file protein_25.csv (CSV, C-alpha atoms and all ligand atoms)
chain,number,residue,atom,x,y,z
O,229,MET,CA,202.1,70.3,66.5
O,230,PHE,CA,203.5,72.2,63.5
O,231,LEU,CA,205.7,75.2,63.2
O,232,LEU,CA,203.5,78.0,61.8
O,233,ASN,CA,205.2,79.6,58.8
O,234,GLU,CA,203.9,83.1,58.4
O,235,ILE,CA,205.1,84.4,55.0
O,236,SER,CA,203.3,87.7,55.3
O,237,GLU,CA,201.1,89.3,58.0
O,238,GLY,CA,198.3,86.7,58.5
O,239,VAL,CA,199.3,84.6,55.6
O,240,TYR,CA,200.6,81.1,56.4
O,241,TYR,CA,202.3,78.4,54.3
O,242,VAL,CA,200.5,75.1,54.9
O,243,GLY,CA,201.8,73.0,52.0
O,244,VAL,CA,203.4,69.6,52.2
O,245,ASN,CA,206.4,67.9,50.6
O,246,ASP,CA,206.3,64.7,48.5
O,247,ARG,CA,209.7,62.9,48.6
O,248,THR,CA,208.0,59.5,48.0
O,249,LYS,CA,206.5,59.7,44.5
O,250,ALA,CA,208.8,58.5,41.8
O,251,LEU,CA,206.9,60.0,38.9
O,252,PHE,CA,204.9,63.2,38.8
O,253,GLU,CA,201.6,62.5,36.8
O,254,GLY,CA,202.9,59.0,36.6
O,255,LEU,CA,205.3,60.3,33.9
O,256,TRP,CA,208.0,62.7,35.1
O,257,PRO,CA,210.9,61.8,37.4
O,258,LEU,CA,211.2,63.6,40.7
O,259,PRO,CA,214.8,63.4,41.8
O,260,TYR,CA,214.4,66.2,44.3
O,261,GLY,CA,210.7,65.5,45.1
O,262,VAL,CA,208.0,68.1,44.8
O,263,SER,CA,205.9,70.3,47.1
O,264,TYR,CA,202.2,70.8,47.0
O,265,ASN,CA,201.7,74.4,48.2
O,266,SER,CA,198.7,75.7,50.1
O,267,TYR,CA,198.2,79.0,51.9
O,268,LEU,CA,196.0,80.0,54.7
O,269,ILE,CA,194.9,83.6,55.3
O,270,LYS,CA,193.7,84.4,58.8
O,271,ASP,CA,191.9,87.7,59.0
O,272,GLU,CA,188.4,88.7,60.1
O,273,LYS,CA,187.5,85.9,57.7
O,274,THR,CA,189.7,82.8,57.1
O,275,ALA,CA,190.5,81.5,53.6
O,276,LEU,CA,192.6,78.6,52.4
O,277,ILE,CA,194.1,78.8,48.9
O,278,ASP,CA,194.2,75.4,47.2
O,279,THR,CA,194.7,72.0,48.9
O,280,VAL,CA,197.2,69.2,48.4
O,281,ASP,CA,197.4,65.7,46.8
O,282,VAL,CA,195.1,63.2,48.5
O,283,CYS,CA,198.2,61.1,49.7
O,284,TYR,CA,199.0,63.9,52.1
O,285,SER,CA,195.4,64.8,53.2
O,286,ASP,CA,195.8,63.6,56.8
O,287,LEU,CA,199.0,65.6,57.4
O,288,PHE,CA,197.6,68.6,55.5
O,289,LEU,CA,194.3,68.7,57.4
O,290,SER,CA,196.2,68.4,60.7
O,291,LYS,CA,198.2,71.5,59.7
O,292,ILE,CA,195.1,73.4,58.9
O,293,ALA,CA,193.4,72.5,62.2
O,294,ASP,CA,196.6,73.5,64.0
O,295,ALA,CA,196.9,76.8,62.2
O,296,LEU,CA,193.2,77.7,62.6
O,297,GLY,CA,193.1,76.9,66.3
O,298,ASP,CA,189.5,77.6,67.4
O,299,ARG,CA,188.6,79.5,64.2
O,300,LYS,CA,186.4,78.1,61.5
O,301,LEU,CA,187.3,78.0,57.9
O,302,ASP,CA,185.2,80.5,55.9
O,303,TYR,CA,186.5,80.0,52.3
O,304,LEU,CA,188.4,77.6,50.2
O,305,ILE,CA,189.7,79.3,47.1
O,306,VAL,CA,190.4,76.8,44.3
O,307,ASN,CA,192.8,78.3,41.8
O,308,HIS,CA,193.4,75.0,40.1
O,309,MET,CA,191.4,71.7,40.0
O,310,GLU,CA,194.2,69.2,39.0
O,311,PRO,CA,194.1,66.6,41.7
O,312,ASP,CA,197.6,67.3,43.0
O,313,HIS,CA,195.9,70.5,44.4
O,314,SER,CA,192.3,69.5,44.7
O,315,GLY,CA,192.8,66.0,46.1
O,316,SER,CA,192.0,67.0,49.7
O,317,ILE,CA,188.9,69.1,49.0
O,318,ARG,CA,186.4,66.3,49.7
O,319,MET,CA,187.9,65.6,53.1
O,320,LEU,CA,188.3,69.3,53.9
O,321,ARG,CA,184.6,69.7,53.2
O,322,MET,CA,183.8,66.9,55.6
O,323,LEU,CA,185.8,68.6,58.4
O,324,TYR,CA,184.5,72.1,57.6
O,325,PRO,CA,181.0,71.5,56.1
O,326,ASP,CA,180.2,75.3,56.1
O,327,VAL,CA,183.2,76.3,54.1
O,328,GLN,CA,182.3,78.2,50.9
O,329,ILE,CA,184.2,77.0,47.9
O,330,VAL,CA,185.4,79.9,45.7
O,331,GLY,CA,185.9,79.2,42.1
O,332,ASN,CA,184.7,80.0,38.6
O,333,SER,CA,182.1,78.2,36.5
O,334,LYS,CA,184.7,75.8,35.0
O,335,THR,CA,186.0,75.0,38.5
O,336,PHE,CA,182.5,74.0,39.6
O,337,GLY,CA,182.0,71.6,36.7
O,338,MET,CA,185.2,69.8,37.7
O,339,LEU,CA,184.4,69.9,41.4
O,340,ASP,CA,181.1,68.1,40.8
O,341,GLY,CA,182.8,65.6,38.4
O,342,PHE,CA,185.7,64.7,40.6
O,343,TYR,CA,184.2,65.0,44.0
O,344,GLY,CA,180.4,65.3,43.7
O,345,LEU,CA,180.4,68.7,45.3
O,346,LYS,CA,177.6,71.0,44.2
O,347,GLU,CA,176.6,73.0,47.3
O,348,GLY,CA,178.2,75.9,49.2
O,349,LEU,CA,179.8,77.4,46.1
O,350,PHE,CA,180.8,81.1,45.7
O,351,GLU,CA,181.3,81.9,42.0
O,352,VAL,CA,183.8,84.5,40.9
O,353,LYS,CA,184.6,86.0,37.5
O,354,GLU,CA,187.4,88.2,36.1
O,355,GLY,CA,187.9,91.1,38.5
O,356,SER,CA,185.7,89.7,41.3
O,357,THR,CA,186.8,90.6,44.8
O,358,LEU,CA,186.5,89.0,48.2
O,359,ASP,CA,187.0,91.0,51.4
O,360,LEU,CA,188.5,89.1,54.3
O,361,GLY,CA,189.1,92.1,56.5
O,362,ARG,CA,192.6,93.6,56.1
O,363,HIS,CA,193.2,91.3,53.1
O,364,LYS,CA,191.2,92.2,50.0
O,365,LEU,CA,191.4,89.6,47.3
O,366,MET,CA,190.9,89.9,43.6
O,367,PHE,CA,190.5,87.2,41.1
O,368,THR,CA,191.8,87.0,37.5
O,369,MET,CA,191.2,84.2,35.1
O,370,ALA,CA,194.2,82.4,33.6
O,371,PRO,CA,192.6,79.7,31.3
O,372,MET,CA,194.8,77.0,29.9
O,373,VAL,CA,197.7,77.7,32.2
O,374,HIS,CA,197.5,74.7,31.9
O,375,TRP,CA,193.9,73.7,32.6
O,376,PRO,CA,190.8,75.6,31.5
O,377,GLU,CA,189.6,76.5,35.0
O,378,VAL,CA,192.9,78.0,36.2
O,379,MET,CA,192.7,81.4,37.9
O,380,PHE,CA,195.0,83.6,40.0
O,381,THR,CA,194.1,85.1,43.3
O,382,TYR,CA,195.7,88.5,44.1
O,383,ASP,CA,196.0,89.9,47.6
O,384,THR,CA,195.7,93.6,46.9
O,385,THR,CA,196.7,94.4,50.4
O,386,ASP,CA,200.0,92.6,50.7
O,387,LYS,CA,200.6,92.5,46.9
O,388,ILE,CA,200.8,88.7,46.8
O,389,LEU,CA,200.0,86.7,43.7
O,390,PHE,CA,198.7,83.2,44.3
O,391,SER,CA,199.5,81.9,40.8
O,392,ALA,CA,198.3,78.2,40.7
O,393,ASP,CA,201.0,76.2,38.8
O,394,ALA,CA,202.4,79.3,37.0
O,395,PHE,CA,206.0,79.9,38.2
O,396,GLY,CA,205.9,76.5,39.8
O,397,THR,CA,208.9,74.1,39.8
O,398,TYR,CA,209.7,70.6,40.8
O,399,GLY,CA,211.8,70.2,44.0
O,400,ALA,CA,210.5,69.7,47.5
O,401,LEU,CA,211.1,72.5,50.1
O,402,SER,CA,213.9,71.6,52.5
O,403,GLY,CA,212.8,73.5,55.6
O,404,GLY,CA,212.6,77.1,54.1
O,405,VAL,CA,209.7,78.3,52.1
O,406,ILE,CA,210.7,81.8,50.7
O,407,ASP,CA,213.4,81.9,48.1
O,408,ASP,CA,215.8,84.3,49.9
O,409,GLU,CA,215.7,82.1,53.0
O,410,MET,CA,217.0,79.0,51.2
O,411,ASN,CA,219.6,77.6,48.8
O,412,THR,CA,217.8,77.8,45.4
O,413,ASP,CA,220.5,76.2,43.3
O,414,ILE,CA,218.3,73.3,42.0
O,415,PHE,CA,215.3,75.4,41.1
O,416,PRO,CA,216.2,77.3,37.9
O,417,GLU,CA,216.8,74.0,36.0
O,418,GLU,CA,213.9,72.2,37.7
O,419,MET,CA,211.6,75.1,36.8
O,420,ILE,CA,212.5,74.7,33.1
O,421,ARG,CA,211.9,71.0,33.3
O,422,TYR,CA,208.6,71.4,35.0
O,423,TYR,CA,207.5,74.0,32.4
O,424,ALA,CA,208.7,71.8,29.5
O,425,ASN,CA,206.9,68.7,30.9
O,426,ILE,CA,203.7,70.2,32.2
O,427,VAL,CA,202.9,73.6,30.7
O,428,GLY,CA,205.0,73.5,27.5
O,429,LYS,CA,202.1,73.2,25.0
O,430,TYR,CA,200.4,76.4,26.4
O,431,GLY,CA,202.8,79.2,25.5
O,432,SER,CA,200.1,81.5,24.2
O,433,PRO,CA,197.8,81.3,27.3
O,434,VAL,CA,200.9,81.8,29.5
O,435,GLN,CA,201.8,84.9,27.5
O,436,LYS,CA,198.2,86.2,28.0
O,437,ALA,CA,198.5,85.6,31.7
O,438,LEU,CA,201.9,87.3,31.9
O,439,GLN,CA,200.5,90.4,30.1
O,440,LYS,CA,198.3,91.0,33.2
O,441,LEU,CA,201.3,91.3,35.5
O,442,PRO,CA,202.6,94.8,34.7
O,443,SER,CA,199.3,96.3,35.8
O,444,ILE,CA,199.7,95.0,39.3
O,445,GLU,CA,202.4,95.4,41.9
O,446,VAL,CA,203.7,92.0,43.0
O,447,LYS,CA,205.9,91.6,46.1
O,448,MET,CA,205.5,87.8,46.4
O,449,ILE,CA,204.5,85.0,44.1
O,450,CYS,CA,203.0,82.0,45.8
O,451,SER,CA,202.8,79.1,43.3
O,452,THR,CA,201.4,75.7,44.0
O,453,HIS,CA,204.9,74.0,43.6
O,454,GLY,CA,208.3,75.1,44.8
O,455,PRO,CA,209.5,78.1,46.7
O,456,VAL,CA,207.5,81.3,47.4
O,457,TRP,CA,209.2,83.8,45.1
O,458,ARG,CA,210.2,87.1,46.7
O,459,SER,CA,213.8,88.1,45.8
O,460,MET,CA,213.8,86.1,42.5
O,461,ILE,CA,210.5,87.4,41.0
O,462,PRO,CA,212.3,89.1,38.1
O,463,GLU,CA,214.2,85.9,37.2
O,464,VAL,CA,211.2,83.6,37.4
O,465,VAL,CA,208.9,85.9,35.4
O,466,ALA,CA,211.7,86.3,32.8
O,467,THR,CA,212.1,82.5,32.6
O,468,TYR,CA,208.3,82.0,32.1
O,469,ASP,CA,208.2,84.8,29.5
O,470,ARG,CA,211.2,83.3,27.6
O,471,LEU,CA,209.9,79.7,27.7
O,472,SER,CA,206.3,80.7,26.7
O,473,ARG,CA,207.7,82.6,23.7
O,474,TYR,CA,209.7,79.4,22.9
O,475,GLU,CA,212.8,81.5,22.9
O,476,GLY,CA,215.9,79.3,23.3
O,477,THR,CA,219.2,80.4,24.7
O,478,GLU,CA,222.6,79.9,23.0
O,479,GLY,CA,223.2,76.2,23.0
O,480,VAL,CA,222.4,72.9,21.2
O,481,THR,CA,220.5,69.8,22.2
O,482,ILE,CA,221.6,66.7,20.5
O,483,ILE,CA,219.2,63.8,20.8
O,484,TYR,CA,220.1,60.4,19.3
O,485,GLY,CA,219.3,56.8,19.5
O,486,SER,CA,221.8,54.1,18.7
O,487,MET,CA,221.8,50.3,18.7
O,488,TYR,CA,225.4,49.4,17.9
O,489,GLY,CA,227.2,52.8,18.2
O,490,HIS,CA,227.2,54.0,14.6
O,491,THR,CA,224.6,56.7,15.0
O,492,GLU,CA,226.3,57.6,18.3
O,493,GLN,CA,229.6,58.0,16.5
O,494,MET,CA,227.9,60.6,14.3
O,495,ALA,CA,226.5,62.4,17.3
O,496,GLU,CA,229.9,62.6,18.9
O,497,THR,CA,231.4,64.0,15.7
O,498,VAL,CA,228.7,66.6,15.4
O,499,ALA,CA,229.2,67.6,19.1
O,500,GLU,CA,232.9,67.9,18.6
O,501,ALA,CA,232.4,70.2,15.6
O,502,LEU,CA,229.9,72.3,17.6
O,503,ALA,CA,232.5,72.7,20.4
O,504,ARG,CA,235.2,73.5,17.9
O,505,GLY,CA,232.9,76.1,16.5
O,506,GLY,CA,232.7,77.8,19.9
O,507,VAL,CA,229.4,76.3,21.3
O,508,LYS,CA,229.8,75.7,25.0
O,509,ASN,CA,226.3,74.6,25.9
O,510,ILE,CA,225.8,71.2,24.3
O,511,ALA,CA,223.3,68.8,25.9
O,512,MET,CA,223.7,65.3,24.6
O,513,HIS,CA,220.9,62.7,25.2
O,514,ASN,CA,221.0,59.1,24.3
O,515,THR,CA,217.3,58.2,24.3
O,516,SER,CA,218.0,54.7,25.6
O,517,LYS,CA,219.2,56.3,28.8
O,518,SER,CA,218.0,59.9,29.1
O,519,HIS,CA,214.4,60.2,30.3
O,520,SER,CA,212.2,62.3,28.0
O,521,SER,CA,211.6,64.7,30.9
O,522,PHE,CA,215.2,65.9,30.9
O,523,ILE,CA,215.4,65.9,27.1
O,524,LEU,CA,212.3,68.2,26.8
O,525,LYS,CA,213.9,70.5,29.4
O,526,ASP,CA,216.9,71.0,27.1
O,527,VAL,CA,214.8,71.3,24.0
O,528,PHE,CA,213.0,74.2,25.6
O,529,LYS,CA,216.3,75.6,26.9
O,530,TYR,CA,218.4,75.8,23.8
O,531,LYS,CA,217.7,77.2,20.4
O,532,GLY,CA,219.6,74.6,18.4
O,533,LEU,CA,218.3,71.1,18.1
O,534,ILE,CA,220.0,68.2,16.3
O,535,ILE,CA,218.4,64.7,16.2
O,536,GLY,CA,220.0,61.5,15.0
O,537,SER,CA,218.2,58.2,14.5
O,538,PRO,CA,218.8,54.8,13.1
O,539,THR,CA,216.2,53.5,10.6
O,540,TYR,CA,214.2,50.8,12.4
O,541,SER,CA,211.8,48.7,10.4
O,542,ASN,CA,211.6,51.6,7.9
O,543,GLN,CA,210.6,54.0,10.6
O,544,LEU,CA,212.4,56.2,13.2
O,545,TYR,CA,214.0,54.4,16.0
O,546,PRO,CA,211.2,53.9,18.5
O,547,ASP,CA,212.6,56.1,21.3
O,548,ILE,CA,213.3,58.8,18.8
O,549,ALA,CA,209.8,58.6,17.5
O,550,SER,CA,208.5,58.9,21.0
O,551,ILE,CA,210.5,62.1,21.8
O,552,VAL,CA,209.7,63.6,18.4
O,553,ASP,CA,206.0,63.1,19.3
O,554,LYS,CA,206.4,64.8,22.7
O,555,ILE,CA,208.2,67.8,21.1
O,556,ALA,CA,205.4,68.0,18.5
O,557,LEU,CA,202.7,67.8,21.1
O,558,ARG,CA,204.3,70.9,22.8
O,559,GLU,CA,204.3,72.8,19.6
O,560,VAL,CA,207.9,74.0,20.2
O,561,LYS,CA,208.6,76.9,17.9
O,562,ASN,CA,211.7,78.6,16.4
O,563,ARG,CA,214.3,75.9,16.7
O,564,TYR,CA,217.3,75.7,14.4
O,565,PHE,CA,217.2,72.1,13.3
O,566,GLY,CA,219.7,69.6,12.0
O,567,CYS,CA,219.5,65.9,11.6
O,568,PHE,CA,221.4,62.7,10.8
O,569,GLY,CA,220.7,59.0,10.6
O,570,SER,CA,222.1,55.7,9.7
O,571,PHE,CA,220.7,52.6,8.1
O,572,THR,CA,221.9,49.2,6.8
O,573,TRP,CA,219.9,48.6,3.6
O,574,SER,CA,217.2,51.3,3.2
O,575,GLY,CA,217.2,54.6,4.9
O,576,ALA,CA,214.0,56.2,6.3
O,577,ALA,CA,215.1,58.1,9.5
O,578,VAL,CA,216.5,61.2,7.8
O,579,LYS,CA,213.5,61.5,5.5
O,580,ARG,CA,211.1,61.3,8.5
O,581,LEU,CA,213.2,63.8,10.6
O,582,THR,CA,213.2,66.2,7.7
O,583,ALA,CA,209.5,65.9,7.4
O,584,PHE,CA,209.2,66.5,11.2
O,585,ALA,CA,211.2,69.7,10.9
O,586,GLU,CA,208.9,70.9,8.0
O,587,GLN,CA,205.8,70.1,10.1
O,588,MET,CA,207.2,72.2,13.0
O,589,LYS,CA,208.1,75.0,10.6
O,590,TRP,CA,211.7,75.1,11.8
O,591,GLU,CA,214.6,76.4,9.9
O,592,THR,CA,216.9,73.5,8.8
O,593,VAL,CA,220.6,74.2,9.3
O,594,GLY,CA,223.3,72.3,7.3
O,595,THR,CA,222.8,69.2,5.2
O,596,PRO,CA,221.1,66.1,6.7
O,597,ILE,CA,223.6,63.2,6.8
O,598,ASP,CA,222.4,59.7,5.9
O,599,GLN,CA,224.9,57.0,6.8
O,600,LYS,CA,224.9,53.6,5.3
O,601,GLN,CA,226.3,51.0,7.7
O,602,GLY,CA,229.6,52.2,9.2
O,603,MET,CA,231.1,55.7,9.2
O,604,SER,CA,232.9,56.7,6.0
O,605,ALA,CA,235.2,59.7,5.3
O,606,ALA,CA,232.3,61.4,3.6
O,607,THR,CA,229.9,60.8,6.5
O,608,TYR,CA,232.5,62.1,8.9
O,609,GLU,CA,233.0,65.2,6.9
O,610,GLY,CA,229.2,65.6,6.7
O,611,CYS,CA,228.9,65.4,10.5
O,612,VAL,CA,231.6,68.0,10.9
O,613,ALA,CA,229.9,70.3,8.4
O,614,LEU,CA,226.6,69.9,10.2
O,615,GLY,CA,228.1,70.8,13.6
O,616,THR,CA,230.1,73.7,12.1
O,617,ALA,CA,227.0,75.1,10.3
O,618,MET,CA,224.9,74.9,13.5
O,619,ALA,CA,227.6,76.5,15.6
O,620,GLU,CA,227.8,79.4,13.1
O,621,LYS,CA,224.0,79.7,13.0
O,622,ILE,CA,223.2,79.8,16.7
O,623,GLN,CA,226.0,82.3,17.5
O,624,HIS,CA,225.0,84.7,14.8
O,625,VAL,CA,221.3,85.1,15.3
I,701,LIG,FE1,200.3,71.1,39.9
I,701,LIG,FE2,198.4,71.4,37.2
I,701,LIG,O1,198.8,70.7,38.8

call {"tool": "encode", "arguments": {"input": "protein_25.csv", "output": "structure tokens", "more": "lines below"}}
Ligand code: FEO
result
Amino acid sequence: MFLLNEISEGVYYVGVNDRTKALFEGLWPLPYGVSYNSYLIKDEKTALIDTVDVCYSDLFLSKIADALGDRKLDYLIVNHMEPDHSGSIRMLRMLYPDVQIVGNSKTFGMLDGFYGLKEGLFEVKEGSTLDLGRHKLMFTMAPMVHWPEVMFTYDTTDKILFSADAFGTYGALSGGVIDDEMNTDIFPEEMIRYYANIVGKYGSPVQKALQKLPSIEVKMICSTHGPVWRSMIPEVVATYDRLSRYEGTEGVTIIYGSMYGHTEQMAETVAEALARGGVKNIAMHNTSKSHSSFILKDVFKYKGLIIGSPTYSNQLYPDIASIVDKIALREVKNRYFGCFGSFTWSGAAVKRLTAFAEQMKWETVGTPIDQKQGMSAATYEGCVALGTAMAEKIQHV
């Protein structure tokens, strides 16, 4: 038996929590777990919106059976085909062989490819509608947020936007489902981290999707991960808007690698100069310890970015090269950039970091500092100057 969670008249939350998986997508740490959200609408017709990861199919299908009672399931609406949401579709179809699967043409290609399902499909396009009785649904396409088949389902009756991964966040749900019925302290940061890790490359498609919002009234946003947004809608929409425009807030991320502490000493000096210059938000990441998931979160969060790297076999330090690649992949825009590096006999790191900033079309702040072996008075002054210049820049733009 399950406690039925009715979030709006005839709309039930039937998602599950994953507090077991260590890495989302096999890549991103889940210190607070993650939820896979699914919603059931019981009206004259019944419709389920998205499913859950296959690891939780048994629990999920039990919830559906419980919530439906003696009703049949008429429709499964597939807003997103990534397997954390589509993983239970094949089993759902076995239990409810007559269910019509609602999606767009791109959905159906993936449905066949992943699960071999070709029959009982109900194709929708931009603006298509589905009448469940009291609830009238409308579909709008949101391609590349963050997969090509993504679409949103809008309940025009209760003004609920079922938004696939958009507005989603890491963090399992601890009992409550709606934002104003729970402590939401972890979610603002976890939402930025989720966005930076998963959606980050697709700022432009997210902006296109956001531009559709002002034309509809939204009382509730039901994403596929994290809380149902009701009281926090303005904040989460503003967060997605800011992140998808790559607009950083006032603060600086310092990313550095260090084998024997010399590059780290430069990082500490730059940070001290930033603080002396009035910057309060300084996120420091030693790549040997900080996971890239959390580094990317701060790169998306703050408008200043300073990277320091030892030269390693005439290249960037491997962990720095790795995070630089991840930032480039996400096409992060509009960062104020500074860099420093150290070497023993031949320096390459600063040259490569400078080239990286040029490739990203970022404005370089201050003078890059290249340190040979240990810290000298000149290197120290250079690091102070870099931190001071960045502090002035980010507080006056
Ligand atoms: Fe939560 Fe893109 O899947």

call {"tool": "closest_residue", "arguments": {"input": "protein_25.csv", "among": "O:Ala499, O:Met319, O:Val456, O:Ile292", "to": "Ser263 (chain O)", "atoms": "only C-alpha atoms"}}
result
O:Val456

call {"tool": "residues_around", "arguments": {"input": "protein_25.csv", "residues": "Asn245 (chain O)", "least_positions_apart": "5", "cutoff": "9 Å", "atoms": "only C-alpha atoms", "output": "number ranges by chain"}}
result
O: 261-265, 284, 399-402

call {"tool": "closest_residue", "arguments": {"input": "protein_25.csv", "among": "O:Ile534, O:Ile551, O:Ala613, O:Val306", "to": "ligand LIG 701 (chain I)", "atoms": "all atoms listed in the file"}}
result
O:Val306

call {"tool": "atom_distance", "arguments": {"input": "protein_25.csv", "atom1": "CA of Met603 (chain O)", "atom2": "CA of Thr539 (chain O)"}}
result
15.1 Å

call {"tool": "residues_around", "arguments": {"input": "protein_25.csv", "residues": "Tyr540 (chain O)", "least_positions_apart": "4", "cutoff": "10 Å", "atoms": "only C-alpha atoms", "output": "PyMOL selection string"}}
result
chain O and resi 487+544-546+570-572+574-577

call {"tool": "residues_near_ligand", "arguments": {"input": "protein_25.csv", "ligand": "ligand LIG 701 (chain I)", "cutoff": "8 Å", "atoms": "all atoms listed in the file", "output": "PyMOL selection string"}}
result
chain O and resi 264+308-313+374-375+392-393+396+426+452-453

call {"tool": "closest_residue", "arguments": {"input": "protein_25.csv", "among": "O:Thr385, O:Thr274, O:Asn425, O:Ser316", "to": "Phe288 (chain O)", "atoms": "all atoms listed in the file"}}
result
O:Ser316

call {"tool": "atom_distance", "arguments": {"input": "protein_25.csv", "atom1": "CA of Val244 (chain O)", "atom2": "CA of Pro455 (chain O)"}}
result
11.8 Å

call {"tool": "closest_residue", "arguments": {"input": "protein_25.csv", "among": "O:Asp407, O:Glu354, O:Asp286, O:Asp413", "to": "Ile449 (chain O)", "atoms": "all atoms listed in the file"}}
result
O:Asp407
